[in-house]
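Here's work_27.pdb, which has PDB, C-alpha atoms:
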ATOM      1  CA  MET A  98     106.120 105.623 145.848
ATOM      2  CA  ASN A  99     106.527 102.047 147.029
ATOM      3  CA  THR A 100     104.163  99.840 149.021
ATOM      4  CA  ALA A 101     105.403  96.810 150.963
ATOM      5  CA  ILE A 102     103.254  93.668 150.768
ATOM      6  CA  ILE A 103     104.160  91.384 153.661
ATOM      7  CA  GLN A 104     104.180  87.611 153.155
ATOM      8  CA  PHE A 105     103.820  85.061 155.943
ATOM      9  CA  PRO A 106     103.783  81.282 155.550
ATOM     10  CA  GLY A 107     100.214  80.684 154.347
ATOM     11  CA  THR A 108      99.603  84.123 152.827
ATOM     12  CA  ASN A 109      97.842  83.610 149.488
ATOM     13  CA  CYS A 110      96.509  86.993 148.328
ATOM     14  CA  ASP A 111      99.947  88.595 148.019
ATOM     15  CA  ILE A 112     100.330  88.249 144.244
ATOM     16  CA  ASP A 113      96.812  89.550 143.525
ATOM     17  CA  THR A 114      97.585  92.637 145.617
ATOM     18  CA  TYR A 115     100.995  93.021 143.975
ATOM     19  CA  ARG A 116      99.393  92.979 140.509
ATOM     20  CA  VAL A 117      96.741  95.535 141.433
ATOM     21  CA  PHE A 118      99.511  97.952 142.370
ATOM     22  CA  ASN A 119     102.053  97.208 139.662
ATOM     23  CA  GLU A 120      99.717  96.486 136.750
ATOM     24  CA  LEU A 121      96.394  98.227 137.370
ATOM     25  CA  LEU A 122      97.470 101.267 139.359
ATOM     26  CA  ASP A 123     100.963 101.512 137.884
ATOM     27  CA  VAL A 124     102.365 102.152 141.354
ATOM     28  CA  GLU A 125     105.340 100.182 142.619
ATOM     29  CA  ALA A 126     104.792  97.506 145.249
ATOM     30  CA  THR A 127     107.324  95.050 146.676
ATOM     31  CA  LEU A 128     106.782  91.627 148.197
ATOM     32  CA  ILE A 129     108.542  91.332 151.570
ATOM     33  CA  TRP A 130     109.002  87.986 153.355
ATOM     34  CA  HIS A 131     108.139  88.537 157.012
ATOM     35  CA  GLU A 132     111.470  87.236 158.335
ATOM     36  CA  LYS A 133     113.554  89.629 156.250
ATOM     37  CA  THR A 134     115.096  92.350 158.323
ATOM     38  CA  THR A 135     114.078  94.950 155.760
ATOM     39  CA  ASP A 136     113.595  98.399 157.216
ATOM     40  CA  LEU A 137     109.951  99.111 156.410
ATOM     41  CA  GLU A 138     110.422 102.825 157.143
ATOM     42  CA  LYS A 139     111.467 103.380 153.524
ATOM     43  CA  PHE A 140     108.085 102.189 152.230
ATOM     44  CA  ASP A 141     105.238 104.651 151.902
ATOM     45  CA  ALA A 142     102.549 102.156 152.871
ATOM     46  CA  ILE A 143     102.313  98.578 154.091
ATOM     47  CA  ILE A 144      99.775  95.885 153.264
ATOM     48  CA  LEU A 145      99.134  92.642 155.117
ATOM     49  CA  PRO A 146      97.322  90.571 152.488
ATOM     50  CA  GLY A 147      94.863  87.756 153.042
ATOM     51  CA  GLY A 148      95.447  84.042 153.408
ATOM     52  CA  PHE A 149      95.902  81.610 156.255
ATOM     53  CA  SER A 150      99.094  82.643 158.031
ATOM     54  CA  TYR A 151     100.508  79.689 159.970
ATOM     55  CA  GLY A 152      97.443  77.666 158.949
ATOM     56  CA  ASP A 153      95.250  79.689 161.354
ATOM     57  CA  ARG A 154      96.716  77.607 164.183
ATOM     58  CA  LEU A 155      95.788  78.624 167.723
ATOM     59  CA  ARG A 156      93.666  81.545 166.376
ATOM     60  CA  ALA A 157      93.605  83.201 162.976
ATOM     61  CA  GLY A 158      96.374  85.808 162.908
ATOM     62  CA  ILE A 159      97.800  85.281 166.403
ATOM     63  CA  ILE A 160     101.117  83.645 165.454
ATOM     64  CA  ALA A 161     101.869  86.203 162.736
ATOM     65  CA  ALA A 162     101.022  88.926 165.273
ATOM     66  CA  TYR A 163     104.205  87.965 167.155
ATOM     67  CA  SER A 164     106.421  88.175 164.066
ATOM     68  CA  PRO A 165     109.238  90.771 164.289
ATOM     69  CA  VAL A 166     107.720  92.589 161.319
ATOM     70  CA  ILE A 167     104.701  93.467 163.457
ATOM     71  CA  LYS A 168     106.949  95.175 166.016
ATOM     72  CA  GLN A 169     108.065  97.442 163.180
ATOM     73  CA  LEU A 170     104.465  98.033 162.113
ATOM     74  CA  LYS A 171     103.540  99.111 165.638
ATOM     75  CA  LYS A 172     106.233 101.797 165.566
ATOM     76  CA  LEU A 173     105.377 102.905 162.017
ATOM     77  CA  SER A 174     101.661 103.103 162.751
ATOM     78  CA  LEU A 175     102.401 105.673 165.446
ATOM     79  CA  LYS A 176     104.210 107.772 162.834
ATOM     80  CA  GLY A 177     101.080 107.794 160.648
ATOM     81  CA  LYS A 178     102.250 105.276 158.032
ATOM     82  CA  PRO A 179      99.232 103.907 156.113
ATOM     83  CA  ILE A 180      98.736 100.195 156.848
ATOM     84  CA  ILE A 181      96.004  97.980 155.374
ATOM     85  CA  GLY A 182      95.185  94.494 156.639
ATOM     86  CA  ILE A 183      92.927  92.489 154.351
ATOM     87  CA  CYS A 184      91.060  89.430 155.656
ATOM     88  CA  ASN A 185      93.805  87.450 157.446
ATOM     89  CA  GLY A 186      95.744  90.731 157.487
ATOM     90  CA  PHE A 187      92.830  92.273 159.434
ATOM     91  CA  GLN A 188      92.914  89.316 161.828
ATOM     92  CA  ILE A 189      96.657  89.898 162.349
ATOM     93  CA  LEU A 190      96.111  93.622 163.030
ATOM     94  CA  VAL A 191      93.410  92.835 165.582
ATOM     95  CA  GLU A 192      95.493  90.150 167.304
ATOM     96  CA  SER A 193      98.510  92.457 167.454
ATOM     97  CA  GLY A 194      96.475  95.242 169.049
ATOM     98  CA  LEU A 195      96.928  97.636 166.118
ATOM     99  CA  LEU A 196      93.154  97.629 165.697
ATOM    100  CA  PRO A 197      90.454  97.178 168.344
ATOM    101  CA  GLY A 198      88.117  94.200 168.648
ATOM    102  CA  ALA A 199      88.241  90.521 167.788
ATOM    103  CA  LEU A 200      87.298  88.388 164.779
ATOM    104  CA  LEU A 201      85.339  85.302 165.787
ATOM    105  CA  THR A 202      84.053  82.267 163.894
ATOM    106  CA  ASN A 203      81.184  83.206 161.554
ATOM    107  CA  SER A 204      77.835  82.862 163.299
ATOM    108  CA  ASN A 205      76.695  80.191 160.802
ATOM    109  CA  LEU A 206      79.927  78.206 161.468
ATOM    110  CA  LYS A 207      80.651  78.062 157.743
ATOM    111  CA  PHE A 208      83.465  79.337 155.591
ATOM    112  CA  ILE A 209      81.700  82.058 153.580
ATOM    113  CA  CYS A 210      82.876  82.862 150.074
ATOM    114  CA  LYS A 211      80.595  85.296 148.241
ATOM    115  CA  TRP A 212      80.286  88.789 146.838
ATOM    116  CA  VAL A 213      78.731  91.353 149.163
ATOM    117  CA  ASP A 214      77.573  94.947 148.970
ATOM    118  CA  LEU A 215      79.330  97.339 151.298
ATOM    119  CA  LYS A 216      78.399 100.826 152.367
ATOM    120  CA  VAL A 217      81.232 103.337 152.693
ATOM    121  CA  GLU A 218      80.619 104.861 156.114
ATOM    122  CA  THR A 219      83.401 107.366 156.529
ATOM    123  CA  ASN A 220      85.646 109.619 154.518
ATOM    124  CA  ASN A 221      89.259 108.938 155.403
ATOM    125  CA  LEU A 222      92.670 108.105 153.937
ATOM    126  CA  PHE A 223      91.320 104.914 152.376
ATOM    127  CA  THR A 224      87.913 106.072 151.142
ATOM    128  CA  ASN A 225      88.311 109.677 150.026
ATOM    129  CA  SER A 226      87.955 108.832 146.333
ATOM    130  CA  PHE A 227      84.411 107.514 146.940
ATOM    131  CA  GLN A 228      81.329 109.696 147.159
ATOM    132  CA  SER A 229      79.749 109.650 150.612
ATOM    133  CA  ASN A 230      77.483 106.642 151.251
ATOM    134  CA  SER A 231      78.771 104.860 148.122
ATOM    135  CA  ILE A 232      77.938 101.160 147.802
ATOM    136  CA  ILE A 233      80.827  99.048 146.587
ATOM    137  CA  ARG A 234      81.051  95.342 145.779
ATOM    138  CA  MET A 235      83.744  92.968 146.960
ATOM    139  CA  PRO A 236      84.019  89.267 147.712
ATOM    140  CA  ILE A 237      84.468  87.937 151.222
ATOM    141  CA  ALA A 238      86.166  84.582 151.869
ATOM    142  CA  HIS A 239      86.606  83.730 155.515
ATOM    143  CA  ASN A 240      85.729  81.472 158.417
ATOM    144  CA  GLU A 241      86.557  83.952 161.193
ATOM    145  CA  GLY A 242      85.017  87.278 160.189
ATOM    146  CA  ARG A 243      82.486  87.981 162.925
ATOM    147  CA  TYR A 244      83.751  91.316 164.184
ATOM    148  CA  TYR A 245      83.195  91.889 167.881
ATOM    149  CA  VAL A 246      83.767  94.815 170.206
ATOM    150  CA  SER A 247      82.088  95.699 173.486
ATOM    151  CA  GLU A 248      79.058  98.050 173.326
ATOM    152  CA  GLU A 249      81.154 100.782 174.908
ATOM    153  CA  LYS A 250      83.914 100.386 172.327
ATOM    154  CA  LEU A 251      81.347 100.280 169.524
ATOM    155  CA  GLN A 252      80.068 103.696 170.577
ATOM    156  CA  GLU A 253      83.647 104.975 170.637
ATOM    157  CA  LEU A 254      84.234 103.643 167.097
ATOM    158  CA  GLU A 255      81.043 105.410 165.946
ATOM    159  CA  ARG A 256      82.054 108.683 167.623
ATOM    160  CA  ASN A 257      85.546 108.629 166.089
ATOM    161  CA  ASN A 258      84.307 107.663 162.591
ATOM    162  CA  GLN A 259      86.371 104.462 162.767
ATOM    163  CA  ILE A 260      83.709 102.290 161.119
ATOM    164  CA  VAL A 261      84.822 102.359 157.488
ATOM    165  CA  LEU A 262      82.592  99.773 155.748
ATOM    166  CA  ARG A 263      79.365  98.026 156.697
ATOM    167  CA  TYR A 264      77.732  95.005 155.062
ATOM    168  CA  SER A 265      74.608  96.288 153.319
ATOM    169  CA  ASP A 266      72.258  95.613 150.431
ATOM    170  CA  SER A 267      72.594  97.371 147.086
ATOM    171  CA  GLU A 268      70.541 100.279 148.471
ATOM    172  CA  GLY A 269      72.787 100.745 151.486
ATOM    173  CA  ASN A 270      70.452  99.185 154.073
ATOM    174  CA  THR A 271      72.555  97.674 156.838
ATOM    175  CA  SER A 272      70.071  95.271 158.401
ATOM    176  CA  ILE A 273      70.722  91.808 159.859
ATOM    177  CA  ASP A 274      69.536  90.316 156.534
ATOM    178  CA  ASN A 275      72.625  91.772 154.861
ATOM    179  CA  ASN A 276      75.016  90.608 157.582
ATOM    180  CA  PRO A 277      76.851  87.522 156.267
ATOM    181  CA  ASN A 278      78.838  86.557 159.350
ATOM    182  CA  GLY A 279      77.158  88.008 162.445
ATOM    183  CA  SER A 280      79.513  90.987 162.820
ATOM    184  CA  ILE A 281      78.394  93.493 165.407
ATOM    185  CA  SER A 282      76.625  96.444 163.763
ATOM    186  CA  ASN A 283      77.327  94.911 160.285
ATOM    187  CA  ILE A 284      80.965  96.057 160.534
ATOM    188  CA  ALA A 285      83.169  94.916 157.639
ATOM    189  CA  ALA A 286      86.085  97.343 158.050
ATOM    190  CA  VAL A 287      87.451  99.543 160.835
ATOM    191  CA  SER A 288      90.334 101.937 161.245
ATOM    192  CA  ASN A 289      92.423 102.937 164.244
ATOM    193  CA  SER A 290      91.588 106.226 165.949
ATOM    194  CA  ASP A 291      94.233 108.107 163.925
ATOM    195  CA  GLY A 292      92.737 106.744 160.698
ATOM    196  CA  ASN A 293      96.007 105.439 159.207
ATOM    197  CA  VAL A 294      95.489 101.722 159.946
ATOM    198  CA  LEU A 295      92.649  99.960 158.128
ATOM    199  CA  GLY A 296      91.426  96.409 158.661
ATOM    200  CA  MET A 297      88.849  94.902 156.326
ATOM    201  CA  MET A 298      87.418  91.426 155.803
ATOM    202  CA  PRO A 299      86.342  91.942 152.135
ATOM    203  CA  HIS A 300      88.975  91.565 149.427
ATOM    204  CA  PRO A 301      89.516  94.755 147.378
ATOM    205  CA  GLU A 302      92.394  93.114 145.461
ATOM    206  CA  ARG A 303      89.911  90.616 144.000
ATOM    207  CA  ALA A 304      87.463  93.356 142.995
ATOM    208  CA  SER A 305      89.777  95.847 141.311
ATOM    209  CA  ASP A 306      89.608  94.525 137.765
ATOM    210  CA  SER A 307      86.231  94.395 135.951
ATOM    211  CA  LEU A 308      87.419  91.327 134.045
ATOM    212  CA  LEU A 309      87.506  89.344 137.311
ATOM    213  CA  SER A 310      84.173  90.539 138.691
ATOM    214  CA  PRO A 311      80.864  88.770 138.021
ATOM    215  CA  TYR A 312      79.330  92.257 138.064
ATOM    216  CA  TYR A 313      82.000  93.730 135.749
ATOM    217  CA  SER A 314      82.773  96.084 138.647
ATOM    218  CA  ASP A 315      86.131  97.500 139.662
ATOM    219  CA  ASP A 316      85.020  99.996 142.292
ATOM    220  CA  ALA A 317      87.020  98.394 145.121
ATOM    221  CA  ILE A 318      90.226  99.658 143.544
ATOM    222  CA  GLY A 319      89.106 102.979 145.053
ATOM    223  CA  ILE A 320      90.393 101.753 148.443
ATOM    224  CA  PHE A 321      93.962 101.567 147.101
ATOM    225  CA  ARG A 322      93.525 104.620 144.876
ATOM    226  CA  SER A 323      92.326 106.730 147.818
ATOM    227  CA  MET A 324      95.420 105.733 149.791
ATOM    228  CA  ILE A 325      97.727 106.547 146.883
ATOM    229  CA  LEU A 326      96.094 109.936 146.283
ATOM    230  CA  SER A 327      96.347 110.731 150.003
ATOM    231  CA  LEU A 328     100.012 109.688 150.011
ATOM    232  CA  GLU A 329     100.754 111.875 146.992
ATOM    233  CA  VAL A 330      99.322 114.851 148.865
ATOM    234  CA  MET A 331     101.263 113.914 152.034
ATOM    235  CA  LEU A 332     104.544 113.503 150.101
ATOM    236  CA  LYS A 333     104.158 116.923 148.445
ATOM    237  CA  GLU A 334     103.642 118.649 151.798
TER     238      GLU A 334
ATOM    239  CA  MET B 186     119.118  72.629 194.942
ATOM    240  CA  ALA B 187     115.398  72.347 194.235
ATOM    241  CA  THR B 188     114.237  69.330 192.254
ATOM    242  CA  VAL B 189     112.604  70.057 188.944
ATOM    243  CA  SER B 190     109.718  67.854 187.790
ATOM    244  CA  GLU B 191     107.361  67.877 184.847
ATOM    245  CA  PHE B 192     103.754  68.964 185.343
ATOM    246  CA  LYS B 193     100.817  68.568 183.019
ATOM    247  CA  ILE B 194      99.005  71.889 182.779
ATOM    248  CA  ASP B 195      95.641  72.236 181.047
ATOM    249  CA  LEU B 196      94.550  75.682 179.912
ATOM    250  CA  LEU B 197      90.773  75.702 179.550
ATOM    251  CA  ILE B 198      89.912  78.545 177.180
ATOM    252  CA  SER B 199      86.212  79.343 177.337
ATOM    253  CA  PRO B 200      84.193  81.975 175.481
ATOM    254  CA  LYS B 201      82.829  84.721 177.726
ATOM    255  CA  PRO B 202      79.165  84.060 178.554
ATOM    256  CA  GLU B 203      77.959  87.346 177.059
ATOM    257  CA  LEU B 204      79.186  86.278 173.621
ATOM    258  CA  ARG B 205      77.251  83.951 171.360
ATOM    259  CA  ASN B 206      78.761  80.480 171.072
ATOM    260  CA  PRO B 207      77.455  79.250 167.702
ATOM    261  CA  GLU B 208      78.982  75.782 168.033
ATOM    262  CA  GLY B 209      77.375  75.299 171.453
ATOM    263  CA  GLU B 210      74.061  76.641 170.137
ATOM    264  CA  THR B 211      74.113  74.149 167.250
ATOM    265  CA  ILE B 212      74.891  71.225 169.571
ATOM    266  CA  LEU B 213      72.035  72.284 171.862
ATOM    267  CA  GLN B 214      69.414  72.985 169.182
ATOM    268  CA  ASP B 215      70.235  70.461 166.498
ATOM    269  CA  LEU B 216      71.604  67.528 168.483
ATOM    270  CA  LEU B 217      70.450  67.539 172.099
ATOM    271  CA  LEU B 218      67.000  69.154 171.959
ATOM    272  CA  ARG B 219      66.161  67.507 168.638
ATOM    273  CA  ASN B 220      66.865  64.153 170.298
ATOM    274  CA  ASN B 221      64.731  65.007 173.331
ATOM    275  CA  PHE B 222      67.512  65.689 175.827
ATOM    276  CA  ASP B 223      65.453  68.647 176.933
ATOM    277  CA  TYR B 224      66.917  68.796 180.419
ATOM    278  CA  VAL B 225      69.970  70.505 178.868
ATOM    279  CA  THR B 226      69.536  74.278 178.825
ATOM    280  CA  SER B 227      72.888  75.520 177.547
ATOM    281  CA  VAL B 228      75.964  74.268 175.699
ATOM    282  CA  SER B 229      79.216  76.135 175.254
ATOM    283  CA  VAL B 230      82.292  74.773 173.478
ATOM    284  CA  SER B 231      85.741  75.554 174.901
ATOM    285  CA  LYS B 232      89.274  74.652 173.927
ATOM    286  CA  VAL B 233      91.995  72.930 175.972
ATOM    287  CA  ILE B 234      95.687  73.538 175.391
ATOM    288  CA  GLN B 235      97.852  71.058 177.283
ATOM    289  CA  LEU B 236     101.378  72.055 178.266
ATOM    290  CA  ILE B 237     104.042  69.909 179.924
ATOM    291  CA  ILE B 238     106.032  72.322 182.043
ATOM    292  CA  LYS B 239     109.281  71.849 183.937
ATOM    293  CA  ALA B 240     108.919  73.460 187.348
ATOM    294  CA  GLU B 241     109.769  73.076 191.024
ATOM    295  CA  ASN B 242     106.168  72.437 192.051
ATOM    296  CA  LEU B 243     102.608  72.571 190.735
ATOM    297  CA  GLU B 244     102.073  76.193 191.788
ATOM    298  CA  ASP B 245     105.271  77.207 189.999
ATOM    299  CA  ALA B 246     104.147  75.329 186.875
ATOM    300  CA  LYS B 247     100.736  77.051 186.933
ATOM    301  CA  ASN B 248     102.376  80.459 187.316
ATOM    302  CA  LYS B 249     104.674  79.733 184.375
ATOM    303  CA  ALA B 250     101.640  78.767 182.286
ATOM    304  CA  LEU B 251      99.878  81.989 183.261
ATOM    305  CA  ILE B 252     102.905  84.035 182.198
ATOM    306  CA  ILE B 253     102.814  82.382 178.755
ATOM    307  CA  CYS B 254      99.066  83.019 178.522
ATOM    308  CA  ASP B 255      99.489  86.704 179.225
ATOM    309  CA  GLU B 256     102.648  87.384 177.235
ATOM    310  CA  LEU B 257     101.771  85.453 174.089
ATOM    311  CA  ARG B 258      97.981  85.762 174.268
ATOM    312  CA  LEU B 259      97.290  82.031 174.137
ATOM    313  CA  TYR B 260      93.724  83.184 174.760
ATOM    314  CA  ASN B 261      92.099  86.436 173.749
ATOM    315  CA  PRO B 262      91.006  88.130 176.991
ATOM    316  CA  LEU B 263      88.501  90.301 175.100
ATOM    317  CA  VAL B 264      86.355  87.327 174.176
ATOM    318  CA  SER B 265      87.445  84.417 176.400
ATOM    319  CA  SER B 266      88.565  83.451 179.875
ATOM    320  CA  CYS B 267      91.297  81.002 180.805
ATOM    321  CA  THR B 268      91.294  78.513 183.681
ATOM    322  CA  VAL B 269      94.552  76.791 184.605
ATOM    323  CA  ARG B 270      94.426  73.226 185.901
ATOM    324  CA  GLY B 271      97.403  71.051 186.672
ATOM    325  CA  THR B 272      98.585  67.619 187.743
ATOM    326  CA  GLU B 273     102.010  66.170 188.447
TER     327      GLU B 273
END
Let me see the file written as structure tokens.
Amino acid sequence: MNTAIIQFPGTNCDIDTYRVFNELLDVEATLIWHEKTTDLEKFDAIILPGGFSYGDRLRAGIIAAYSPVIKQLKKLSLKGKPIIGICNGFQILVESGLLPGALLTNSNLKFICKWVDLKVETNNLFTNSFQSNSIIRMPIAHNEGRYYVSEEKLQELERNNQIVLRYSDSEGNTSIDNNPNGSISNIAAVSNSDGNVLGMMPHPERASDSLLSPYYSDDAIGIFRSMILSLEVMLKE
Amino acid sequence: MATVSEFKIDLLISPKPELRNPEGETILQDLLLRNNFDYVTSVSVSKVIQLIIKAENLEDAKNKALIICDELRLYNPLVSSCTVRGTE
């Protein structure tokens, strides 16, 4: 099994993600520069890590969204290939139309860098190793993380179980008090309607090793582990 | 043969009114109202992208700008609108 980790100019969470796969999960991952004409078909999964691609110029994620590598991702997403966009990777997926909605400047106009509690809202490819309604801890670090969709689209996301994580407290309450950035309905992560493309603002790669967590937690590794377990089942079939 | 000139095209990218505009809200609450400019009722911050476009006439230049806007999503139509203004 091999996961491609795509690097753009300004990506800065690529090595953390690489180490989670190669060192903590003992699953191969390969760093791929976005301009390389590598055929991504041969990879089992693809990750767009966080950072500030192209310095967030014009809008976070928009310039990377027009990279040739994204054209490949659009084709592969239709074939069911698992794709995760983390933070800036989520912004790229939204700007490229692979995920619905938009990510706007945080409602308090500040870059927010802090650990948050997140409620797992759905059981899919990326969450099936968690118990239902689990609360997991991850850091967020972004300026444009206010997720927005129209009311109509929000209802559609709810109906299709596309809301994957919500900002909550440690008890799982998803009130406005636990909403760090003003995201609609406390949404921190969404998937596409087929469930194989995940976008999330929190950083699981920074919360996968208890040594690096102020709470000695490593539960966020479950996001990657769920995907790997699902892929193992898919590859056997 | 038609003469080609350069036109200055401004793309005014404004947030849709139904969305909160936190920067505008801060300017209104913490700058204008706090300093007693209470005849202001709303502030919204937009962005201008200026393009110099080679075209046959102003209309042609505006159309070219609109094509760029749509094809490369210079603005996000989900959350903003775009007004094209131009001068020779």
Coordinates of box centre and edge lengths for range 252-263 of chain B, 8 Å on every side, axis-aligned, as JSON:
{"center_x": 95.7, "center_y": 86.2, "center_z": 178.0, "size_x": 30.4, "size_y": 24.3, "size_z": 24.4}
Local residues around (92.7, 95.3, 158.1), at most 8 Å away, using only C-alpha atoms, as a VMD selection string: chain A and resid 145 180 to 191 196 286 to 288 294 to 298
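For the residues B:Asn221, B:Thr268, B:Asn206, B:Gln235, ranking by smallest atom-to-atom distance to Leu251 in chain B using only C-alpha atoms places B:Thr268 first.
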How close does chain A get to chain B? List, as a tab-separated table, each residue of chain A within 8 Å, its nearest atom pair and the distance in Å to one decimal, counting all atoms listed in the file.
residue	atom	partner	partner_atom	distance
A:Leu155	CA	B:Leu259	CA	7.4
A:Ile159	CA	B:Arg258	CA	7.9
A:Tyr163	CA	B:Leu257	CA	7.8
A:Gly198	CA	B:Leu263	CA	7.5
A:Ala199	CA	B:Leu263	CA	7.3
A:Ser204	CA	B:Pro207	CA	5.7
A:Asn205	CA	B:Pro207	CA	7.0
A:Leu206	CA	B:Pro207	CA	6.8
For those residues, write C-alpha atoms to a file as a PDB file, keeping the file's coordinate frame.
ATOM      1  CA  LEU A 155      95.788  78.624 167.723  1.00  0.00           C
ATOM      2  CA  ILE A 159      97.800  85.281 166.403  1.00  0.00           C
ATOM      3  CA  TYR A 163     104.205  87.965 167.155  1.00  0.00           C
ATOM      4  CA  GLY A 198      88.117  94.200 168.648  1.00  0.00           C
ATOM      5  CA  ALA A 199      88.241  90.521 167.788  1.00  0.00           C
ATOM      6  CA  SER A 204      77.835  82.862 163.299  1.00  0.00           C
ATOM      7  CA  ASN A 205      76.695  80.191 160.802  1.00  0.00           C
ATOM      8  CA  LEU A 206      79.927  78.206 161.468  1.00  0.00           C
TER       9      LEU A 206
END
Between CA of Arg116 in chain A and CA of Leu326 in chain A, what is the distance, to one decimal in Å?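 Calculated distance between CA of Arg116 in chain A and CA of Leu326 in chain A is 18.2 Å.
Across the model, the gap from CA of Leu213 in chain B to CA of Val225 in chain B is 7.5 Å.
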Write out as JSON, numbers by chain which residues come within 7 Å of Lys239 in chain B when counting only C-alpha atoms, dropping same-chain ones fewer than 6 positions away. {"B": [189, 190, 191, 192, 246]}
One decimal, in Å: what's the spacing between CA of Asn203 in chain A and CA of Gly152 in chain A?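 Rounded to one decimal, the two atoms are 17.4 Å apart.
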Picked residues, the PyMOL selection byres ((chain A and resi 176) around 12), as a ChimeraX atom specification: /A:138,141-142,169-175,177-180,291-294
Please identify all polymer residues within 12 Å of Leu243 in chain B, counting only C-alpha atoms, omitting same-chain residues fewer than 3 positions from it, and present them as a count of residues only. 21
Carefully work through the PyMOL selection byres ((chain A and resi 258-267) around 9) for this structure and note down the residues it includes, as a PyMOL selection string. chain A and resi 213-221+223-224+232-234+251+253-257+268-277+280+282-292+295-297
What would the file be for range 243-255 of chain B if you keep N, CA and C atoms and write it as a PDB file, in the first residue's frame?
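See result-v4.pdb below for the written result:
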ATOM      1  N   LEU B 243     -13.491  48.835 -25.202  1.00  0.00           N
ATOM      2  CA  LEU B 243     -13.759  48.632 -23.776  1.00  0.00           C
ATOM      3  C   LEU B 243     -14.665  47.421 -23.533  1.00  0.00           C
ATOM      4  N   GLU B 244     -15.694  47.281 -24.376  1.00  0.00           N
ATOM      5  CA  GLU B 244     -16.621  46.155 -24.215  1.00  0.00           C
ATOM      6  C   GLU B 244     -15.879  44.827 -24.350  1.00  0.00           C
ATOM      7  N   ASP B 245     -15.004  44.780 -25.365  1.00  0.00           N
ATOM      8  CA  ASP B 245     -14.204  43.580 -25.623  1.00  0.00           C
ATOM      9  C   ASP B 245     -13.308  43.271 -24.412  1.00  0.00           C
ATOM     10  N   ALA B 246     -12.712  44.333 -23.853  1.00  0.00           N
ATOM     11  CA  ALA B 246     -11.840  44.158 -22.685  1.00  0.00           C
ATOM     12  C   ALA B 246     -12.632  43.633 -21.498  1.00  0.00           C
ATOM     13  N   LYS B 247     -13.834  44.171 -21.279  1.00  0.00           N
ATOM     14  CA  LYS B 247     -14.681  43.715 -20.169  1.00  0.00           C
ATOM     15  C   LYS B 247     -15.069  42.247 -20.356  1.00  0.00           C
ATOM     16  N   ASN B 248     -15.406  41.895 -21.592  1.00  0.00           N
ATOM     17  CA  ASN B 248     -15.782  40.494 -21.862  1.00  0.00           C
ATOM     18  C   ASN B 248     -14.623  39.551 -21.594  1.00  0.00           C
ATOM     19  N   LYS B 249     -13.409  40.004 -22.003  1.00  0.00           N
ATOM     20  CA  LYS B 249     -12.221  39.168 -21.754  1.00  0.00           C
ATOM     21  C   LYS B 249     -12.005  38.984 -20.256  1.00  0.00           C
ATOM     22  N   ALA B 250     -12.229  40.058 -19.500  1.00  0.00           N
ATOM     23  CA  ALA B 250     -12.067  39.977 -18.036  1.00  0.00           C
ATOM     24  C   ALA B 250     -13.088  39.009 -17.447  1.00  0.00           C
ATOM     25  N   LEU B 251     -14.307  39.061 -17.967  1.00  0.00           N
ATOM     26  CA  LEU B 251     -15.357  38.167 -17.454  1.00  0.00           C
ATOM     27  C   LEU B 251     -15.027  36.701 -17.730  1.00  0.00           C
ATOM     28  N   ILE B 252     -14.429  36.450 -18.903  1.00  0.00           N
ATOM     29  CA  ILE B 252     -14.041  35.076 -19.240  1.00  0.00           C
ATOM     30  C   ILE B 252     -13.017  34.562 -18.223  1.00  0.00           C
ATOM     31  N   ILE B 253     -12.031  35.420 -17.904  1.00  0.00           N
ATOM     32  CA  ILE B 253     -11.010  35.023 -16.915  1.00  0.00           C
ATOM     33  C   ILE B 253     -11.680  34.735 -15.569  1.00  0.00           C
ATOM     34  N   CYS B 254     -12.580  35.635 -15.179  1.00  0.00           N
ATOM     35  CA  CYS B 254     -13.288  35.476 -13.897  1.00  0.00           C
ATOM     36  C   CYS B 254     -13.983  34.129 -13.813  1.00  0.00           C
ATOM     37  N   ASP B 255     -14.648  33.763 -14.883  1.00  0.00           N
ATOM     38  CA  ASP B 255     -15.421  32.515 -14.862  1.00  0.00           C
ATOM     39  C   ASP B 255     -14.522  31.293 -14.966  1.00  0.00           C
TER      40      ASP B 255
END
